[in-house]
Amino acid sequence: MKKGMVLLGTLLVLFFLTSCTTGTVVPKAFPGSAEMFKVNDLGTVEVKGYDLNNQPMHWVFVDCPHWSGCYMRCQGPQKTCASIATKSDLKVSHIYSNH
């Protein structure tokens, strides 16, 4: 019985770890994108021309085939973040902001 519980626990942990992959999306390049934003080492889109210390973080949720959804993390004005996603051929479903 004890071996069965350990096996079940191990399988549940394995399932949990493999199903919690991040659904982070990085926008595709488009004409003028180099002047508009950059992507940092953590995968966050940083809108150029703004003091990022004063800009809120946005999670732009987009349509994708992943069961838990996908998002583009973006720091800058919300309208600009949505525009970057749209110009990258991503269909925006909703935006969550931390401000």
# chains A, B, ... in the order shown; residues from 1 in each chain; ligands from 1
>>> residues_around(residues="A:Gly76", least_positions_apart="5", cutoff="9 Å", atoms="only C-alpha atoms", output="compact mmCIF listing (two decimals) with N, CA and C atoms, in the first residue's frame")
# COMPACT_ATOMS: atom_id res chain seq x y z
N VAL A 45 8.72 42.11 -23.08
CA VAL A 45 8.76 43.14 -24.12
C VAL A 45 8.88 44.49 -23.41
N GLU A 46 9.90 45.25 -23.74
CA GLU A 46 10.10 46.58 -23.16
C GLU A 46 9.88 47.62 -24.24
N VAL A 47 8.87 48.46 -24.04
CA VAL A 47 8.55 49.50 -25.01
C VAL A 47 9.61 50.59 -24.89
N LYS A 48 10.21 50.97 -26.01
CA LYS A 48 11.26 51.98 -26.01
C LYS A 48 10.67 53.38 -25.89
N TYR A 50 10.30 55.12 -22.99
CA TYR A 50 9.64 55.35 -21.71
C TYR A 50 10.56 54.94 -20.57
N ASP A 51 10.44 55.63 -19.43
CA ASP A 51 11.16 55.24 -18.22
C ASP A 51 10.44 54.02 -17.67
N LEU A 52 11.06 52.86 -17.79
CA LEU A 52 10.39 51.61 -17.42
C LEU A 52 10.18 51.47 -15.92
N ASN A 54 8.71 53.62 -14.16
CA ASN A 54 7.40 54.21 -13.91
C ASN A 54 6.29 53.58 -14.73
N GLN A 55 6.61 52.59 -15.53
CA GLN A 55 5.62 51.96 -16.40
C GLN A 55 5.13 50.65 -15.79
N PRO A 56 3.83 50.39 -15.85
CA PRO A 56 3.29 49.14 -15.30
C PRO A 56 3.63 47.95 -16.19
N MET A 57 3.53 46.76 -15.59
CA MET A 57 3.71 45.51 -16.32
C MET A 57 2.33 45.04 -16.77
N HIS A 58 2.25 44.58 -18.00
CA HIS A 58 0.99 44.07 -18.55
C HIS A 58 1.21 42.63 -19.00
N CYS A 81 1.44 48.10 -25.91
CA CYS A 81 1.61 46.65 -25.75
C CYS A 81 0.59 45.89 -26.59
>>> residues_around(residues="A:His94", least_positions_apart="2", cutoff="10 Å", atoms="only C-alpha atoms", output="ChimeraX atom specification")
/A:59-63,71,82,91-92,96
>>> closest_residue(among="A:Leu42, A:Arg73, A:Pro65, A:Thr80", to="A:Ser97", atoms="only C-alpha atoms")
A:Arg73
>>> atom_distance(atom1="atom CA of A:Asp89", atom2="atom CA of A:Gly49")
23.0 Å
>>> atom_distance(atom1="atom CA of A:Cys74", atom2="atom CA of A:Ile95")
10.2 Å
>>> closest_residue(among="A:Ala34, A:Thr44, A:Lys28, A:Lys87", to="A:Met72", atoms="only C-alpha atoms")
A:Thr44
>>> closest_residue(among="A:Pro31, A:Cys64, A:Asn98, A:Asn40", to="A:Gln78", atoms="only C-alpha atoms")
A:Asn98
>>> select_by_dssp(residues="stretch 35-94 of chain A", states="strand (DSSP E or B)", output="list in words")
Phe37, Lys38, Val39, Val45, Glu46, Val47, Met57, His58, Trp59, Val60, Phe61, Val62, Cys70, Tyr71, Met72, Arg73, Cys74, Gln75, Val92, Ser93 and His94 of chain A
>>> write_last_selection(atoms="C-alpha atoms", output="PDB file, in the first residue's frame")
ATOM      1  CA  PHE A  37      10.374  47.629 -28.522  1.00  0.00           C
ATOM      2  CA  LYS A  38      13.036  45.176 -27.419  1.00  0.00           C
ATOM      3  CA  VAL A  39      12.782  41.831 -25.642  1.00  0.00           C
ATOM      4  CA  VAL A  45       8.763  43.137 -24.116  1.00  0.00           C
ATOM      5  CA  GLU A  46      10.101  46.578 -23.157  1.00  0.00           C
ATOM      6  CA  VAL A  47       8.552  49.499 -25.011  1.00  0.00           C
ATOM      7  CA  MET A  57       3.707  45.514 -16.325  1.00  0.00           C
ATOM      8  CA  HIS A  58       0.995  44.066 -18.554  1.00  0.00           C
ATOM      9  CA  TRP A  59       0.171  40.457 -19.349  1.00  0.00           C
ATOM     10  CA  VAL A  60      -1.359  40.456 -22.819  1.00  0.00           C
ATOM     11  CA  PHE A  61      -3.253  37.180 -23.123  1.00  0.00           C
ATOM     12  CA  VAL A  62      -3.458  35.890 -26.690  1.00  0.00           C
ATOM     13  CA  CYS A  70      -0.510  32.078 -23.653  1.00  0.00           C
ATOM     14  CA  TYR A  71       0.540  35.590 -22.786  1.00  0.00           C
ATOM     15  CA  MET A  72       3.022  38.264 -23.786  1.00  0.00           C
ATOM     16  CA  ARG A  73       4.569  40.071 -20.815  1.00  0.00           C
ATOM     17  CA  CYS A  74       5.035  43.742 -21.700  1.00  0.00           C
ATOM     18  CA  GLN A  75       6.238  46.825 -19.848  1.00  0.00           C
ATOM     19  CA  VAL A  92      -5.473  39.585 -28.051  1.00  0.00           C
ATOM     20  CA  SER A  93      -8.147  38.083 -25.797  1.00  0.00           C
ATOM     21  CA  HIS A  94      -7.624  40.277 -22.726  1.00  0.00           C
TER      22      HIS A  94
END
>>> atom_distance(atom1="atom CA of A:Ser68", atom2="atom CA of A:Phe30")
27.0 Å
